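Undergrad: Sharing a structure here in structure tokens format.
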Amino acid sequence: MTVPALAFTVPQGPAGAPLLVLGPSLGTSTLLWQDVMPELATDYRVTAWDLPGHGQSPAATAAFSVADLADAVAEGAGEPFLYAGVSLGGAVGLTLALRHSEQVRAAAIVASGAKLGEPGPWHERAAQVRAQSTSTLIVPSAQRWFAPGSIARRPEITGRLLHALQDADDESYALCCEALAAYNVRDQLRDIRMPVLAAWGQHDAVAPEAKATEIAEGVRDGRAVVISDAAHLPPAEQPVAMASVLHEFFASRK
Ligand SMILES: O=C(O)CCC(=O)CC(=O)O
């Protein structure tokens, strides 16, 4: 294990309810889920975790893989759980499904894929952040993260997420990019037997519909669903729709 112990929020929800673990995208934090968590805490004990050097998790100083992150999430959860994660958090979800199938009951993979991008651009982004910090990513990230109208409709949360990106530890962010460069579970999707939901944001150019259908058709028990009027961060852009999709998916899988 080469990632530091990850920070989890205190679970919200009824004692004895199933544990639901929520994962972030690169550059964000548990904030990403802040408006979805109360909607889910009616039926689940809901907790969210932070990537190394993001939010409340300590910074990383050595290389790690998406598998290392998945192992750290499974260890931090410490009991059987349902899982939903966005983008890099979704990559962790597919990897949990492969490596911790005895502990994870079902996984919702949001705005993500079995492979995300190509190694070259990830290594370039890592080098850029090491040289110039995550503050140079704010403008292009805002363009990729949010659908037209999301910032105007949800100014507080979208602004706070962009601040979280600026506050992320540069080396940890770069190490996350390198983990994504090496991530590819395309050839292993058929080994996933648990129920999987692949959700994509209607306007997401990072992980468009084809990424979700590849997952849904690749696993043994998968389906895909679109979140309308969202791009790469549906839990922040469309929290009510996101919660509704997750309620419906997890209802029979507790
Ligand atoms: O969001 C992620 O977890 C990975 C993809 C990404 O970096 C999106 C972006 O900021 O362009």
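For the structure tokens, the naming scheme is as follows: chains receive sequential letters (A, B, ...) according to their order of presentation, residues are indexed from 1 within each chain, and ligands are indexed from 1 in presentation order.
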Compute the set of protein, DNA and RNA residues whose minimum atom distance to ligand 1 is at most 6 Å, using only C-alpha atoms and all ligand atoms, and state it as JSON, numbers by chain.

TA: {"A": [25, 26, 87, 88, 141, 144]}

Undergrad: Could those residues be written to a file, using N, CA and C atoms, as an mmCIF file, in the first residue's frame?

TA:
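selection_25.cif, written as the output of this step:
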```
data_model
loop_
_atom_site.group_PDB
_atom_site.id
_atom_site.type_symbol
_atom_site.label_atom_id
_atom_site.label_comp_id
_atom_site.auth_asym_id
_atom_site.auth_seq_id
_atom_site.Cartn_x
_atom_site.Cartn_y
_atom_site.Cartn_z
ATOM 1 N N SER A 25 -14.075 12.919 -7.840
ATOM 2 C CA SER A 25 -13.300 12.990 -9.082
ATOM 3 C C SER A 25 -11.978 13.703 -8.798
ATOM 4 N N LEU A 26 -11.074 13.615 -9.756
ATOM 5 C CA LEU A 26 -9.761 14.255 -9.615
ATOM 6 C C LEU A 26 -9.922 15.764 -9.417
ATOM 7 N N SER A 87 -15.785 9.670 -11.983
ATOM 8 C CA SER A 87 -14.560 9.754 -12.781
ATOM 9 C C SER A 87 -13.427 8.945 -12.141
ATOM 10 N N LEU A 88 -12.377 9.575 -11.592
ATOM 11 C CA LEU A 88 -11.354 8.773 -10.904
ATOM 12 C C LEU A 88 -12.007 7.950 -9.772
ATOM 13 N N SER A 141 -10.565 23.362 -16.392
ATOM 14 C CA SER A 141 -11.363 22.393 -15.627
ATOM 15 C C SER A 141 -12.808 22.844 -15.548
ATOM 16 N N ARG A 144 -14.507 21.845 -18.623
ATOM 17 C CA ARG A 144 -14.772 20.403 -18.767
ATOM 18 C C ARG A 144 -15.787 19.919 -17.745
#
```

Undergrad: Within 8 Å of Ser172 of chain A, counting only C-alpha atoms, which residues qualify if same-chain residues fewer than 5 places away don't, as a JSON list (two decimals) with N, CA, C and O atoms, in the first residue's frame?

TA:
```json
[["chain", "number", "residue", "atom", "x", "y", "z"],
["A", 52, "PRO", "N", -5.82, 11.38, -1.92],
["A", 52, "PRO", "CA", -4.62, 11.90, -1.26],
["A", 52, "PRO", "C", -4.36, 13.37, -1.64],
["A", 52, "PRO", "O", -4.45, 13.74, -2.82],
["A", 53, "GLY", "N", -4.08, 14.18, -0.62],
["A", 53, "GLY", "CA", -3.76, 15.58, -0.88],
["A", 53, "GLY", "C", -4.93, 16.45, -1.30],
["A", 53, "GLY", "O", -4.75, 17.60, -1.70],
["A", 54, "HIS", "N", -6.14, 15.90, -1.25],
["A", 54, "HIS", "CA", -7.36, 16.64, -1.57],
["A", 54, "HIS", "C", -8.23, 16.65, -0.31],
["A", 54, "HIS", "O", -8.27, 15.66, 0.43],
["A", 59, "ALA", "N", -1.38, 14.33, 2.15],
["A", 59, "ALA", "CA", -0.72, 14.31, 0.84],
["A", 59, "ALA", "C", 0.03, 12.99, 0.63],
["A", 59, "ALA", "O", 0.48, 12.36, 1.59],
["A", 60, "ALA", "N", 0.16, 12.61, -0.63],
["A", 60, "ALA", "CA", 0.97, 11.45, -1.00],
["A", 60, "ALA", "C", 2.35, 11.95, -1.46],
["A", 60, "ALA", "O", 2.45, 13.03, -2.02],
["A", 61, "THR", "N", 3.34, 11.11, -1.23],
["A", 61, "THR", "CA", 4.69, 11.50, -1.65],
["A", 61, "THR", "C", 5.31, 10.45, -2.57],
["A", 61, "THR", "O", 6.42, 10.65, -3.08]]
```

Undergrad: Nearest to Ala198 of chain A among A:Thr158, A:Thr47, A:Asn184, A:Ser112, with distances taken over only C-alpha atoms: which residue is it?

TA: A:Ser112

Undergrad: Among segment 102-192 of chain A, which residues carry a DSSP assignment of alpha helix (DSSP H), reported as a ChimeraX atom specification?

TA: /A:119-132,138-145,150-153,155-167,170-182

Undergrad: Store the residues of this selection in a file with N, CA and C atoms, as a short mmCIF file (atom, residue, chain, number, x, y, z; two decimals), in the first residue's frame.

TA:
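result29.cif written:
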```cif
data_model
loop_
_atom_site.label_atom_id
_atom_site.label_comp_id
_atom_site.auth_asym_id
_atom_site.auth_seq_id
_atom_site.Cartn_x
_atom_site.Cartn_y
_atom_site.Cartn_z
N PRO A 119 -2.29 7.86 -21.83
CA PRO A 119 -1.21 8.14 -20.88
C PRO A 119 -0.47 9.45 -21.14
N GLY A 120 -0.22 9.79 -22.42
CA GLY A 120 0.59 10.99 -22.73
C GLY A 120 0.02 12.26 -22.09
N PRO A 121 -1.25 12.59 -22.37
CA PRO A 121 -1.82 13.81 -21.78
C PRO A 121 -1.86 13.77 -20.26
N TRP A 122 -2.02 12.60 -19.65
CA TRP A 122 -1.98 12.55 -18.18
C TRP A 122 -0.59 12.91 -17.66
N HIS A 123 0.45 12.38 -18.34
CA HIS A 123 1.81 12.72 -17.90
C HIS A 123 2.11 14.20 -18.13
N GLU A 124 1.55 14.75 -19.23
CA GLU A 124 1.75 16.20 -19.48
C GLU A 124 1.05 17.03 -18.40
N ARG A 125 -0.16 16.60 -18.01
CA ARG A 125 -0.87 17.37 -16.97
C ARG A 125 -0.12 17.27 -15.64
N ALA A 126 0.41 16.08 -15.34
CA ALA A 126 1.19 15.93 -14.10
C ALA A 126 2.39 16.87 -14.10
N ALA A 127 3.09 16.95 -15.22
CA ALA A 127 4.28 17.82 -15.31
C ALA A 127 3.86 19.29 -15.17
N GLN A 128 2.74 19.65 -15.81
CA GLN A 128 2.25 21.05 -15.73
C GLN A 128 1.94 21.43 -14.28
N VAL A 129 1.28 20.52 -13.57
CA VAL A 129 0.89 20.84 -12.18
C VAL A 129 2.13 20.91 -11.29
N ARG A 130 3.08 20.01 -11.50
CA ARG A 130 4.32 20.07 -10.69
C ARG A 130 5.05 21.39 -10.94
N ALA A 131 5.01 21.87 -12.19
CA ALA A 131 5.75 23.10 -12.52
C ALA A 131 4.97 24.35 -12.15
N GLN A 132 3.64 24.31 -12.30
CA GLN A 132 2.87 25.58 -12.23
C GLN A 132 1.67 25.53 -11.29
N ILE A 138 -7.69 25.88 -13.42
CA ILE A 138 -9.04 26.31 -13.04
C ILE A 138 -9.93 26.57 -14.26
N VAL A 139 -9.43 27.34 -15.20
CA VAL A 139 -10.29 27.71 -16.35
C VAL A 139 -10.62 26.49 -17.21
N PRO A 140 -9.61 25.70 -17.64
CA PRO A 140 -9.98 24.54 -18.46
C PRO A 140 -10.81 23.51 -17.70
N SER A 141 -10.56 23.36 -16.39
CA SER A 141 -11.36 22.39 -15.63
C SER A 141 -12.81 22.84 -15.55
N ALA A 142 -13.03 24.15 -15.31
CA ALA A 142 -14.42 24.64 -15.25
C ALA A 142 -15.13 24.35 -16.56
N GLN A 143 -14.40 24.47 -17.67
CA GLN A 143 -15.04 24.19 -18.97
C GLN A 143 -15.37 22.72 -19.14
N ARG A 144 -14.51 21.85 -18.62
CA ARG A 144 -14.77 20.40 -18.77
C ARG A 144 -15.79 19.92 -17.75
N TRP A 145 -15.75 20.49 -16.54
CA TRP A 145 -16.55 19.96 -15.44
C TRP A 145 -18.04 20.24 -15.55
N SER A 150 -24.70 25.34 -15.65
CA SER A 150 -24.50 24.77 -14.29
C SER A 150 -23.92 25.81 -13.33
N ILE A 151 -22.94 26.60 -13.79
CA ILE A 151 -22.31 27.58 -12.89
C ILE A 151 -23.33 28.66 -12.50
N ALA A 152 -24.13 29.11 -13.47
CA ALA A 152 -25.14 30.13 -13.16
C ALA A 152 -26.22 29.57 -12.23
N ARG A 153 -26.57 28.31 -12.41
CA ARG A 153 -27.64 27.71 -11.60
C ARG A 153 -27.16 27.34 -10.22
N PRO A 155 -24.04 28.49 -8.34
CA PRO A 155 -22.77 29.22 -8.21
C PRO A 155 -21.98 28.85 -6.97
N GLU A 156 -22.64 28.54 -5.85
CA GLU A 156 -21.90 28.32 -4.62
C GLU A 156 -21.08 27.04 -4.70
N ILE A 157 -21.74 25.94 -5.05
CA ILE A 157 -21.01 24.65 -5.04
C ILE A 157 -19.98 24.59 -6.18
N THR A 158 -20.32 25.14 -7.34
CA THR A 158 -19.34 25.08 -8.43
C THR A 158 -18.11 25.93 -8.07
N GLY A 159 -18.34 27.08 -7.43
CA GLY A 159 -17.21 27.91 -6.99
C GLY A 159 -16.37 27.22 -5.93
N ARG A 160 -17.04 26.57 -4.98
CA ARG A 160 -16.28 25.89 -3.92
C ARG A 160 -15.46 24.72 -4.50
N LEU A 161 -16.01 24.04 -5.50
CA LEU A 161 -15.26 22.94 -6.11
C LEU A 161 -14.01 23.45 -6.83
N LEU A 162 -14.14 24.59 -7.49
CA LEU A 162 -12.96 25.15 -8.17
C LEU A 162 -11.92 25.61 -7.15
N HIS A 163 -12.37 26.09 -6.00
CA HIS A 163 -11.41 26.42 -4.93
C HIS A 163 -10.74 25.15 -4.40
N ALA A 164 -11.51 24.06 -4.29
CA ALA A 164 -10.92 22.79 -3.82
C ALA A 164 -9.81 22.34 -4.77
N LEU A 165 -10.03 22.56 -6.07
CA LEU A 165 -8.99 22.21 -7.06
C LEU A 165 -7.73 23.04 -6.80
N GLN A 166 -7.94 24.33 -6.57
CA GLN A 166 -6.79 25.22 -6.31
C GLN A 166 -6.06 24.80 -5.04
N ASP A 167 -6.80 24.33 -4.05
CA ASP A 167 -6.21 23.98 -2.75
C ASP A 167 -5.56 22.60 -2.74
N ASP A 170 -0.26 19.81 -4.99
CA ASP A 170 0.15 19.65 -6.40
C ASP A 170 0.75 18.26 -6.67
N GLU A 171 1.65 17.81 -5.77
CA GLU A 171 2.28 16.52 -6.02
C GLU A 171 1.24 15.39 -5.97
N SER A 172 0.30 15.47 -5.03
CA SER A 172 -0.73 14.43 -4.95
C SER A 172 -1.59 14.43 -6.21
N TYR A 173 -1.95 15.62 -6.69
CA TYR A 173 -2.74 15.71 -7.92
C TYR A 173 -1.95 15.06 -9.08
N ALA A 174 -0.66 15.38 -9.17
CA ALA A 174 0.16 14.82 -10.24
C ALA A 174 0.24 13.29 -10.13
N LEU A 175 0.35 12.79 -8.91
CA LEU A 175 0.41 11.33 -8.71
C LEU A 175 -0.93 10.68 -9.10
N CYS A 176 -2.04 11.38 -8.87
CA CYS A 176 -3.35 10.87 -9.33
C CYS A 176 -3.39 10.79 -10.86
N CYS A 177 -2.84 11.84 -11.53
CA CYS A 177 -2.78 11.80 -13.00
C CYS A 177 -2.00 10.57 -13.47
N GLU A 178 -0.88 10.29 -12.79
CA GLU A 178 -0.05 9.14 -13.21
C GLU A 178 -0.76 7.82 -12.94
N ALA A 179 -1.56 7.78 -11.86
CA ALA A 179 -2.36 6.57 -11.60
C ALA A 179 -3.39 6.38 -12.73
N LEU A 180 -4.00 7.49 -13.18
CA LEU A 180 -4.97 7.39 -14.28
C LEU A 180 -4.29 7.00 -15.59
N ALA A 181 -3.06 7.45 -15.79
CA ALA A 181 -2.34 7.08 -17.02
C ALA A 181 -2.19 5.57 -17.13
N ALA A 182 -2.03 4.91 -16.00
CA ALA A 182 -1.79 3.46 -16.00
C ALA A 182 -3.09 2.65 -15.86
#
```

Undergrad: Name the residues in contact with Gly13 of chain A at a cut-off of 6 Å, using only C-alpha atoms, excluding same-chain residues fewer than 4 positions from it; report them as an NGL selection string.

TA: :A and (41 or 44-45)

Undergrad: May I have the residues from that selection written out with N, CA, C and O atoms, as a PDB file, in the first residue's frame?

TA:
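Once written, result07.pdb looks like this:
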```pdb
ATOM      1  N   ALA A  41     -29.171   9.945   2.811  1.00  0.00           N
ATOM      2  CA  ALA A  41     -29.029   9.587   4.233  1.00  0.00           C
ATOM      3  C   ALA A  41     -30.366   9.205   4.876  1.00  0.00           C
ATOM      4  O   ALA A  41     -30.408   8.863   6.055  1.00  0.00           O
ATOM      5  N   TYR A  44     -29.605   5.229   3.919  1.00  0.00           N
ATOM      6  CA  TYR A  44     -28.249   4.658   4.013  1.00  0.00           C
ATOM      7  C   TYR A  44     -27.435   5.426   5.045  1.00  0.00           C
ATOM      8  O   TYR A  44     -27.735   6.584   5.332  1.00  0.00           O
ATOM      9  N   ARG A  45     -26.400   4.772   5.578  1.00  0.00           N
ATOM     10  CA  ARG A  45     -25.358   5.507   6.296  1.00  0.00           C
ATOM     11  C   ARG A  45     -24.364   5.944   5.221  1.00  0.00           C
ATOM     12  O   ARG A  45     -23.702   5.101   4.613  1.00  0.00           O
TER      13      ARG A  45
END
```

Undergrad: Which residue gives the smallest distance to Ser228 of chain A among A:Ile192, A:Val92, A:Ala147, A:Ala17, with only C-alpha atoms counted?

TA: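 Nearest to Ser228 of chain A: A:Ala147.
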